[in-house]
$ cat coords_19.cif   # mmCIF, C-alpha atoms
data_structure
loop_
_atom_site.group_PDB
_atom_site.id
_atom_site.type_symbol
_atom_site.label_atom_id
_atom_site.label_comp_id
_atom_site.auth_asym_id
_atom_site.auth_seq_id
_atom_site.Cartn_x
_atom_site.Cartn_y
_atom_site.Cartn_z
ATOM 1 C CA MET A 1 86.573 77.291 111.607
ATOM 2 C CA VAL A 2 85.151 76.927 108.093
ATOM 3 C CA ASN A 3 85.589 73.494 106.574
ATOM 4 C CA SER A 4 87.367 73.623 103.207
ATOM 5 C CA ALA A 5 84.865 71.143 101.770
ATOM 6 C CA ASP A 6 81.763 73.127 102.646
ATOM 7 C CA GLY A 7 81.619 74.893 99.261
ATOM 8 C CA ARG A 8 81.301 78.383 100.665
ATOM 9 C CA LEU A 9 82.822 81.249 98.735
ATOM 10 C CA VAL A 10 84.623 84.529 99.385
ATOM 11 C CA GLY A 11 84.348 87.665 97.258
ATOM 12 C CA PHE A 12 86.889 90.399 96.514
ATOM 13 C CA LEU A 13 85.774 93.910 95.518
ATOM 14 C CA GLY A 14 88.176 96.336 93.859
ATOM 15 C CA VAL A 15 87.737 99.606 91.948
ATOM 16 C CA TYR A 16 90.524 100.902 89.698
ATOM 17 C CA PRO A 17 91.178 103.868 87.394
ATOM 18 C CA THR A 18 90.218 103.391 83.763
ATOM 19 C CA ARG A 19 92.976 103.218 81.190
ATOM 20 C CA ASP A 20 92.430 106.849 80.215
ATOM 21 C CA LYS A 21 92.493 107.868 83.928
ATOM 22 C CA ARG A 22 89.224 109.785 83.500
ATOM 23 C CA GLY A 23 87.077 107.305 85.377
ATOM 24 C CA PHE A 24 86.824 104.138 87.413
ATOM 25 C CA ILE A 25 85.836 100.533 86.805
ATOM 26 C CA GLY A 26 84.873 98.014 89.463
ATOM 27 C CA GLY A 27 85.314 94.274 89.627
ATOM 28 C CA LEU A 28 84.018 91.623 92.008
ATOM 29 C CA LEU A 29 85.759 88.243 91.932
ATOM 30 C CA VAL A 30 84.233 85.298 93.798
ATOM 31 C CA THR A 31 86.534 82.348 94.572
ATOM 32 C CA ASP A 32 86.457 79.081 96.435
ATOM 33 C CA ASN A 33 88.754 78.531 99.408
ATOM 34 C CA MET A 34 91.635 77.545 97.099
ATOM 35 C CA GLY A 35 91.397 80.771 95.078
ATOM 36 C CA LYS A 36 89.698 79.206 92.051
ATOM 37 C CA PRO A 37 87.391 81.729 90.348
ATOM 38 C CA GLU A 38 83.704 80.875 90.583
ATOM 39 C CA GLU A 39 82.254 84.137 89.247
ATOM 40 C CA PHE A 40 83.466 87.528 88.044
ATOM 41 C CA ARG A 41 81.395 90.674 87.632
ATOM 42 C CA VAL A 42 82.529 94.011 86.275
ATOM 43 C CA SER A 43 80.964 97.465 86.099
ATOM 44 C CA LEU A 44 80.943 99.693 83.080
ATOM 45 C CA PRO A 45 83.368 102.602 83.428
ATOM 46 C CA ILE A 46 82.149 105.364 85.709
ATOM 47 C CA LYS A 47 83.399 108.717 84.441
ATOM 48 C CA PRO A 48 82.449 111.537 86.782
ATOM 49 C CA ASN A 49 82.671 114.987 85.232
ATOM 50 C CA MET A 50 84.467 117.892 86.912
ATOM 51 C CA VAL A 51 81.279 119.191 88.530
ATOM 52 C CA GLN A 52 80.584 115.766 90.069
ATOM 53 C CA ARG A 53 84.200 115.421 91.216
ATOM 54 C CA THR A 54 83.960 118.841 92.839
ATOM 55 C CA LEU A 55 80.600 118.231 94.511
ATOM 56 C CA TYR A 56 81.468 114.748 95.792
ATOM 57 C CA GLY A 57 84.966 115.740 96.903
ATOM 58 C CA GLU A 58 86.536 113.151 99.207
ATOM 59 C CA SER A 59 83.343 111.082 99.234
ATOM 60 C CA LEU A 60 83.625 110.282 95.498
ATOM 61 C CA ILE A 61 85.585 107.028 95.868
ATOM 62 C CA ARG A 62 83.295 105.849 98.687
ATOM 63 C CA HIS A 63 80.222 106.621 96.553
ATOM 64 C CA ILE A 64 81.653 104.832 93.515
ATOM 65 C CA GLY A 65 82.879 101.842 95.533
ATOM 66 C CA VAL A 66 79.671 101.355 97.500
ATOM 67 C CA ASN A 67 76.743 102.715 95.487
ATOM 68 C CA LEU A 68 77.884 102.443 91.871
ATOM 69 C CA CYS A 69 80.039 99.289 92.021
ATOM 70 C CA GLY A 70 79.720 97.362 95.290
ATOM 71 C CA GLN A 71 75.952 97.055 95.656
ATOM 72 C CA PRO A 72 75.140 96.564 91.942
ATOM 73 C CA LEU A 73 77.925 93.998 91.417
ATOM 74 C CA TYR A 74 76.938 92.089 94.566
ATOM 75 C CA ASN A 75 73.262 92.122 93.564
ATOM 76 C CA SER A 76 74.140 90.718 90.125
ATOM 77 C CA LEU A 77 75.984 87.681 91.534
ATOM 78 C CA LYS A 78 74.545 84.255 90.785
ATOM 79 C CA THR A 79 76.602 82.812 93.656
ATOM 80 C CA LYS A 80 75.551 85.379 96.289
ATOM 81 C CA ASN A 81 73.749 82.728 98.387
ATOM 82 C CA GLU A 82 77.024 80.792 98.772
ATOM 83 C CA LEU A 83 79.066 83.942 99.433
ATOM 84 C CA ILE A 84 79.920 84.121 103.138
ATOM 85 C CA LEU A 85 82.366 87.014 103.106
ATOM 86 C CA LEU A 86 83.151 90.000 100.895
ATOM 87 C CA LEU A 87 86.641 91.448 101.270
ATOM 88 C CA VAL A 88 86.834 95.060 100.148
ATOM 89 C CA GLU A 89 90.038 96.707 98.990
ATOM 90 C CA ASN A 90 89.172 100.080 100.500
ATOM 91 C CA PRO A 91 88.144 100.435 104.164
ATOM 92 C CA GLU A 92 85.625 103.126 103.216
ATOM 93 C CA TRP A 93 83.567 100.392 101.560
ATOM 94 C CA LEU A 94 82.988 98.536 104.836
ATOM 95 C CA ILE A 95 79.647 100.337 104.998
ATOM 96 C CA LEU A 96 78.458 97.807 102.396
ATOM 97 C CA ALA A 97 77.734 95.635 105.445
ATOM 98 C CA GLU A 98 74.611 97.748 105.955
ATOM 99 C CA SER A 99 73.139 96.805 102.586
ATOM 100 C CA ILE A 100 74.250 93.261 101.682
ATOM 101 C CA THR A 101 73.593 89.913 103.343
ATOM 102 C CA CYS A 102 77.103 88.464 103.624
ATOM 103 C CA LEU A 103 79.821 89.525 106.047
ATOM 104 C CA VAL A 104 82.209 92.319 104.977
ATOM 105 C CA ALA A 105 85.818 92.922 106.001
ATOM 106 C CA HIS A 106 88.952 94.715 104.833
ATOM 107 C CA VAL A 107 92.436 93.201 104.899
ATOM 108 C CA VAL A 108 94.864 95.980 105.768
ATOM 109 C CA LYS A 109 97.777 96.150 103.337
ATOM 110 C CA PRO A 110 101.320 96.463 104.689
ATOM 111 C CA GLY A 111 101.976 100.145 105.324
ATOM 112 C CA GLU A 112 98.291 101.081 105.248
ATOM 113 C CA LYS A 113 97.101 103.037 108.258
ATOM 114 C CA LYS A 114 95.486 100.777 110.850
ATOM 115 C CA GLY A 115 92.498 102.007 112.805
ATOM 116 C CA TYR A 116 90.965 103.954 109.900
ATOM 117 C CA VAL A 117 88.308 106.291 111.235
ATOM 118 C CA TYR A 118 84.973 106.577 109.434
ATOM 119 C CA LEU A 119 82.103 108.713 110.682
ATOM 120 C CA ASN A 120 83.914 109.215 114.001
ATOM 121 C CA ASP A 121 83.784 105.481 114.811
ATOM 122 C CA GLU A 122 87.045 103.630 115.313
ATOM 123 C CA LEU A 123 86.876 100.475 113.244
ATOM 124 C CA THR A 124 88.051 97.346 114.966
ATOM 125 C CA VAL A 125 91.308 95.872 113.736
ATOM 126 C CA ASN A 126 92.316 92.308 114.606
ATOM 127 C CA LYS A 127 95.591 90.543 113.905
ATOM 128 C CA LEU A 128 95.618 87.142 112.179
ATOM 129 C CA GLU A 129 98.640 84.907 111.627
ATOM 130 C CA SER A 130 98.689 83.751 108.002
ATOM 131 C CA PRO A 131 100.994 81.113 106.511
ATOM 132 C CA ASN A 132 100.228 81.883 102.858
ATOM 133 C CA THR A 133 100.694 85.625 102.603
ATOM 134 C CA LYS A 134 103.798 87.659 101.914
ATOM 135 C CA GLU A 135 103.338 89.200 105.331
ATOM 136 C CA LYS A 136 103.012 86.536 108.022
ATOM 137 C CA SER A 137 100.499 88.657 109.937
ATOM 138 C CA LEU A 138 97.333 90.129 108.502
ATOM 139 C CA TYR A 139 95.304 92.890 110.060
ATOM 140 C CA ILE A 140 91.572 92.677 109.479
ATOM 141 C CA GLN A 141 89.197 95.641 109.762
ATOM 142 C CA TYR A 142 85.496 95.230 110.385
ATOM 143 C CA PRO A 143 82.550 97.602 110.122
ATOM 144 C CA SER A 144 81.920 99.492 113.354
ATOM 145 C CA SER A 145 78.542 97.721 113.605
ATOM 146 C CA TYR A 146 80.264 94.325 114.048
ATOM 147 C CA PHE A 147 80.586 93.328 117.658
ATOM 148 C CA ASP A 148 82.722 90.500 119.025
ATOM 149 C CA ASP A 149 80.510 87.679 117.733
ATOM 150 C CA LYS A 150 80.544 88.837 114.083
ATOM 151 C CA GLN A 151 84.219 89.735 114.283
ATOM 152 C CA LEU A 152 85.027 86.236 115.525
ATOM 153 C CA VAL A 153 83.050 84.625 112.697
ATOM 154 C CA CYS A 154 84.873 86.821 110.134
ATOM 155 C CA HIS A 155 88.216 86.076 111.772
ATOM 156 C CA ASP A 156 87.596 82.311 111.559
ATOM 157 C CA ILE A 157 86.423 82.478 107.940
ATOM 158 C CA ILE A 158 89.404 84.584 106.884
ATOM 159 C CA GLY A 159 91.744 82.264 108.795
ATOM 160 C CA SER A 160 90.381 79.239 106.953
ATOM 161 C CA PHE A 161 90.823 80.905 103.560
ATOM 162 C CA THR A 162 94.419 81.946 104.342
ATOM 163 C CA GLU A 163 95.367 78.295 104.789
ATOM 164 C CA TYR A 164 95.335 77.919 100.998
ATOM 165 C CA MET A 165 95.633 81.378 99.483
ATOM 166 C CA ASP A 166 97.118 84.855 99.817
ATOM 167 C CA LEU A 167 94.105 87.125 100.316
ATOM 168 C CA GLY A 168 95.799 90.077 98.618
ATOM 169 C CA GLU A 169 96.469 88.209 95.394
ATOM 170 C CA PRO A 170 92.868 88.142 94.046
ATOM 171 C CA PHE A 171 92.816 91.945 94.043
ATOM 172 C CA SER A 172 95.815 91.864 91.678
ATOM 173 C CA ARG A 173 93.925 89.438 89.442
ATOM 174 C CA ILE A 174 90.932 91.767 89.326
ATOM 175 C CA GLU A 175 93.092 94.738 88.375
ATOM 176 C CA LYS A 176 94.893 92.742 85.634
ATOM 177 C CA ALA A 177 91.619 91.323 84.284
ATOM 178 C CA LEU A 178 90.129 94.820 84.060
ATOM 179 C CA ASP A 179 93.241 96.034 82.251
ATOM 180 C CA VAL A 180 92.983 93.179 79.741
ATOM 181 C CA LEU A 181 89.276 93.863 79.313
ATOM 182 C CA SER A 182 89.957 97.523 78.577
ATOM 183 C CA THR A 183 92.505 96.641 75.882
ATOM 184 C CA GLU A 184 90.172 94.123 74.232
ATOM 185 C CA ASN A 185 86.902 96.055 74.435
ATOM 186 C CA GLU A 186 86.554 99.813 73.882
ATOM 187 C CA GLN A 187 83.430 99.806 76.043
ATOM 188 C CA PHE A 188 85.689 99.361 79.108
ATOM 189 C CA THR A 189 88.271 102.086 78.419
#

$ encode --input "coords_19.cif" --output "structure tokens"
Amino acid sequence: MVNSADGRLVGFLGVYPTRDKRGFIGGLLVTDNMGKPEEFRVSLPIKPNMVQRTLYGESLIRHIGVNLCGQPLYNSLKTKNELILLLVENPEWLILAESITCLVAHVVKPGEKKGYVYLNDELTVNKLESPNTKEKSLYIQYPSSYFDDKQLVCHDIIGSFTEYMDLGEPFSRIEKALDVLSTENEQFT
């Protein structure tokens, strides 16, 4: 189990529609084990045109979340060496594990389909009891490349962070911060 005094950090990656609903904006929030923000990175709005939306089809959100937001935001982090886990809001972004150095996982939201299938590989889903979430049980998804050893490490890290915080709550903070940013700065609308 991760010691709360070890100074390691967890990141949260979310991508949300822009205020005008014509594009997307990504945010990556890094917190300590108590949920205190340590770093926040945000993308500029990504506004795919109709041709791009048509050509990318169902892969558009995966492309935006991984290639245009996830990797660039992660690479821009000053705290990336202390980051031990990146939680992604969308299970399609678990493929970030192939291109970044920290562990990646997805916390399944209540009502979200468990056992999401990506590239014909069943992703592993593990249950975790959590005292500080609205739901007392969390379901964690891992990239298909993670075998038992990596899954266990992720499970222990996530378990230690849930002792002090609700792991869904930082995603709400990201979405609200991006909304505030878009009202205060036209560059982010």

$ atom_distance --input "coords_19.cif" --atom1 "atom CA of A:Gln52" --atom2 "atom CA of A:Leu94"
22.8 Å

$ closest_residue --input "coords_19.cif" --among "A:Gly23, A:Pro143, A:Pro72, A:Pro17" --to "A:Val104" --atoms "all atoms listed in the file"
A:Pro143

$ closest_atom_pairs --input "coords_19.cif" --of "stretch 50-113 of chain A" --to "stretch 159-176 of chain A" --cutoff "12 Å" --atoms "only C-alpha atoms" --output "tab-separated table"
residue	atom	partner	partner_atom	distance
A:Ile84	CA	A:Phe161	CA	11.4
A:Leu85	CA	A:Phe161	CA	10.4
A:Leu86	CA	A:Leu167	CA	11.3
A:Leu87	CA	A:Leu167	CA	8.7
A:Val88	CA	A:Phe171	CA	9.1
A:Glu89	CA	A:Phe171	CA	7.4
A:Asn90	CA	A:Phe171	CA	11.0
A:Ala105	CA	A:Leu167	CA	11.6
A:His106	CA	A:Leu167	CA	10.2
A:Val107	CA	A:Gly168	CA	7.8
A:Val108	CA	A:Gly168	CA	9.3
A:Lys109	CA	A:Gly168	CA	7.9
A:Pro110	CA	A:Gly168	CA	10.4

$ resolve_selection --input "coords_19.cif" --expression "the PyMOL selection byres ((chain A and resi 95) around 12)" --output "PyMOL selection string"
chain A and resi 62-63+65-67+70-71+86-88+90-94+96-100+103-106+118-119+121+123+141-146

$ write_last_selection --input "coords_19.cif" --atoms "C-alpha atoms" --output "PDB file, in the coordinates of the input"
ATOM      1  CA  ARG A  62      83.295 105.849  98.687  1.00  0.00           C
ATOM      2  CA  HIS A  63      80.222 106.621  96.553  1.00  0.00           C
ATOM      3  CA  GLY A  65      82.879 101.842  95.533  1.00  0.00           C
ATOM      4  CA  VAL A  66      79.671 101.355  97.500  1.00  0.00           C
ATOM      5  CA  ASN A  67      76.743 102.715  95.487  1.00  0.00           C
ATOM      6  CA  GLY A  70      79.720  97.362  95.290  1.00  0.00           C
ATOM      7  CA  GLN A  71      75.952  97.055  95.656  1.00  0.00           C
ATOM      8  CA  LEU A  86      83.151  90.000 100.895  1.00  0.00           C
ATOM      9  CA  LEU A  87      86.641  91.448 101.270  1.00  0.00           C
ATOM     10  CA  VAL A  88      86.834  95.060 100.148  1.00  0.00           C
ATOM     11  CA  ASN A  90      89.172 100.080 100.500  1.00  0.00           C
ATOM     12  CA  PRO A  91      88.144 100.435 104.164  1.00  0.00           C
ATOM     13  CA  GLU A  92      85.625 103.126 103.216  1.00  0.00           C
ATOM     14  CA  TRP A  93      83.567 100.392 101.560  1.00  0.00           C
ATOM     15  CA  LEU A  94      82.988  98.536 104.836  1.00  0.00           C
ATOM     16  CA  LEU A  96      78.458  97.807 102.396  1.00  0.00           C
ATOM     17  CA  ALA A  97      77.734  95.635 105.445  1.00  0.00           C
ATOM     18  CA  GLU A  98      74.611  97.748 105.955  1.00  0.00           C
ATOM     19  CA  SER A  99      73.139  96.805 102.586  1.00  0.00           C
ATOM     20  CA  ILE A 100      74.250  93.261 101.682  1.00  0.00           C
ATOM     21  CA  LEU A 103      79.821  89.525 106.047  1.00  0.00           C
ATOM     22  CA  VAL A 104      82.209  92.319 104.977  1.00  0.00           C
ATOM     23  CA  ALA A 105      85.818  92.922 106.001  1.00  0.00           C
ATOM     24  CA  HIS A 106      88.952  94.715 104.833  1.00  0.00           C
ATOM     25  CA  TYR A 118      84.973 106.577 109.434  1.00  0.00           C
ATOM     26  CA  LEU A 119      82.103 108.713 110.682  1.00  0.00           C
ATOM     27  CA  ASP A 121      83.784 105.481 114.811  1.00  0.00           C
ATOM     28  CA  LEU A 123      86.876 100.475 113.244  1.00  0.00           C
ATOM     29  CA  GLN A 141      89.197  95.641 109.762  1.00  0.00           C
ATOM     30  CA  TYR A 142      85.496  95.230 110.385  1.00  0.00           C
ATOM     31  CA  PRO A 143      82.550  97.602 110.122  1.00  0.00           C
ATOM     32  CA  SER A 144      81.920  99.492 113.354  1.00  0.00           C
ATOM     33  CA  SER A 145      78.542  97.721 113.605  1.00  0.00           C
ATOM     34  CA  TYR A 146      80.264  94.325 114.048  1.00  0.00           C
TER      35      TYR A 146
END

$ closest_residue --input "coords_19.cif" --among "A:Leu178, A:Cys102, A:Leu44, A:Leu28" --to "A:Val153" --atoms "only C-alpha atoms"
A:Cys102

$ axis_aligned_box --input "coords_19.cif" --around "stretch 29-39 of chain A" --padding-each-side "8 Å" --output "AutoDock Vina command-line options"
--center_x 86.9 --center_y 82.9 --center_z 94.3 --size_x 25.4 --size_y 26.7 --size_z 26.2

$ atom_distance --input "coords_19.cif" --atom1 "atom CA of A:Ser182" --atom2 "atom CA of A:Ser59"
25.6 Å

$ closest_residue --input "coords_19.cif" --among "A:Phe12, A:Arg41, A:Asp156, A:Asn185" --to "A:Asn75" --atoms "all atoms listed in the file"
A:Arg41

$ closest_residue --input "coords_19.cif" --among "A:Leu55, A:Leu68, A:Leu73, A:Leu83" --to "A:Glu38" --atoms "all atoms listed in the file"
A:Leu83

$ residues_around --input "coords_19.cif" --residues "A:Phe24" --least-positions-apart "2" --cutoff "6 Å" --atoms "only C-alpha atoms" --output "list in words"
Tyr16, Pro17, Thr18, Pro45 and Ile46 of chain A

$ build_atoms --input "coords_19.cif" --residues "stretch 20-33 of chain A" --atoms "N, CA and C atoms" --output "PDB file, in the coordinates of the input"
ATOM      1  N   ASP A  20      92.226 105.442  80.560  1.00  0.00           N
ATOM      2  CA  ASP A  20      92.430 106.849  80.215  1.00  0.00           C
ATOM      3  C   ASP A  20      92.510 107.754  81.453  1.00  0.00           C
ATOM      4  N   LYS A  21      92.381 107.159  82.637  1.00  0.00           N
ATOM      5  CA  LYS A  21      92.493 107.868  83.928  1.00  0.00           C
ATOM      6  C   LYS A  21      91.384 108.902  84.148  1.00  0.00           C
ATOM      7  N   ARG A  22      90.326 108.838  83.337  1.00  0.00           N
ATOM      8  CA  ARG A  22      89.224 109.785  83.500  1.00  0.00           C
ATOM      9  C   ARG A  22      88.059 109.194  84.289  1.00  0.00           C
ATOM     10  N   GLY A  23      88.183 107.932  84.670  1.00  0.00           N
ATOM     11  CA  GLY A  23      87.077 107.305  85.377  1.00  0.00           C
ATOM     12  C   GLY A  23      87.541 106.109  86.186  1.00  0.00           C
ATOM     13  N   PHE A  24      86.561 105.294  86.568  1.00  0.00           N
ATOM     14  CA  PHE A  24      86.824 104.138  87.413  1.00  0.00           C
ATOM     15  C   PHE A  24      86.017 102.952  86.910  1.00  0.00           C
ATOM     16  N   ILE A  25      86.538 101.758  87.165  1.00  0.00           N
ATOM     17  CA  ILE A  25      85.836 100.533  86.805  1.00  0.00           C
ATOM     18  C   ILE A  25      85.973  99.567  87.977  1.00  0.00           C
ATOM     19  N   GLY A  26      84.879  98.922  88.317  1.00  0.00           N
ATOM     20  CA  GLY A  26      84.873  98.014  89.463  1.00  0.00           C
ATOM     21  C   GLY A  26      84.787  96.567  89.037  1.00  0.00           C
ATOM     22  N   GLY A  27      85.377  95.707  89.865  1.00  0.00           N
ATOM     23  CA  GLY A  27      85.314  94.274  89.627  1.00  0.00           C
ATOM     24  C   GLY A  27      85.080  93.528  90.928  1.00  0.00           C
ATOM     25  N   LEU A  28      84.277  92.473  90.851  1.00  0.00           N
ATOM     26  CA  LEU A  28      84.018  91.623  92.008  1.00  0.00           C
ATOM     27  C   LEU A  28      84.317  90.187  91.592  1.00  0.00           C
ATOM     28  N   LEU A  29      85.332  89.611  92.207  1.00  0.00           N
ATOM     29  CA  LEU A  29      85.759  88.243  91.932  1.00  0.00           C
ATOM     30  C   LEU A  29      85.325  87.362  93.091  1.00  0.00           C
ATOM     31  N   VAL A  30      84.638  86.273  92.788  1.00  0.00           N
ATOM     32  CA  VAL A  30      84.233  85.298  93.798  1.00  0.00           C
ATOM     33  C   VAL A  30      85.069  84.043  93.579  1.00  0.00           C
ATOM     34  N   THR A  31      85.694  83.552  94.675  1.00  0.00           N
ATOM     35  CA  THR A  31      86.534  82.348  94.572  1.00  0.00           C
ATOM     36  C   THR A  31      86.117  81.327  95.621  1.00  0.00           C
ATOM     37  N   ASP A  32      86.592  80.089  95.392  1.00  0.00           N
ATOM     38  CA  ASP A  32      86.457  79.081  96.435  1.00  0.00           C
ATOM     39  C   ASP A  32      87.617  79.251  97.411  1.00  0.00           C
ATOM     40  N   ASN A  33      87.729  78.367  98.372  1.00  0.00           N
ATOM     41  CA  ASN A  33      88.754  78.531  99.408  1.00  0.00           C
ATOM     42  C   ASN A  33      90.169  78.277  98.899  1.00  0.00           C
TER      43      ASN A  33
END
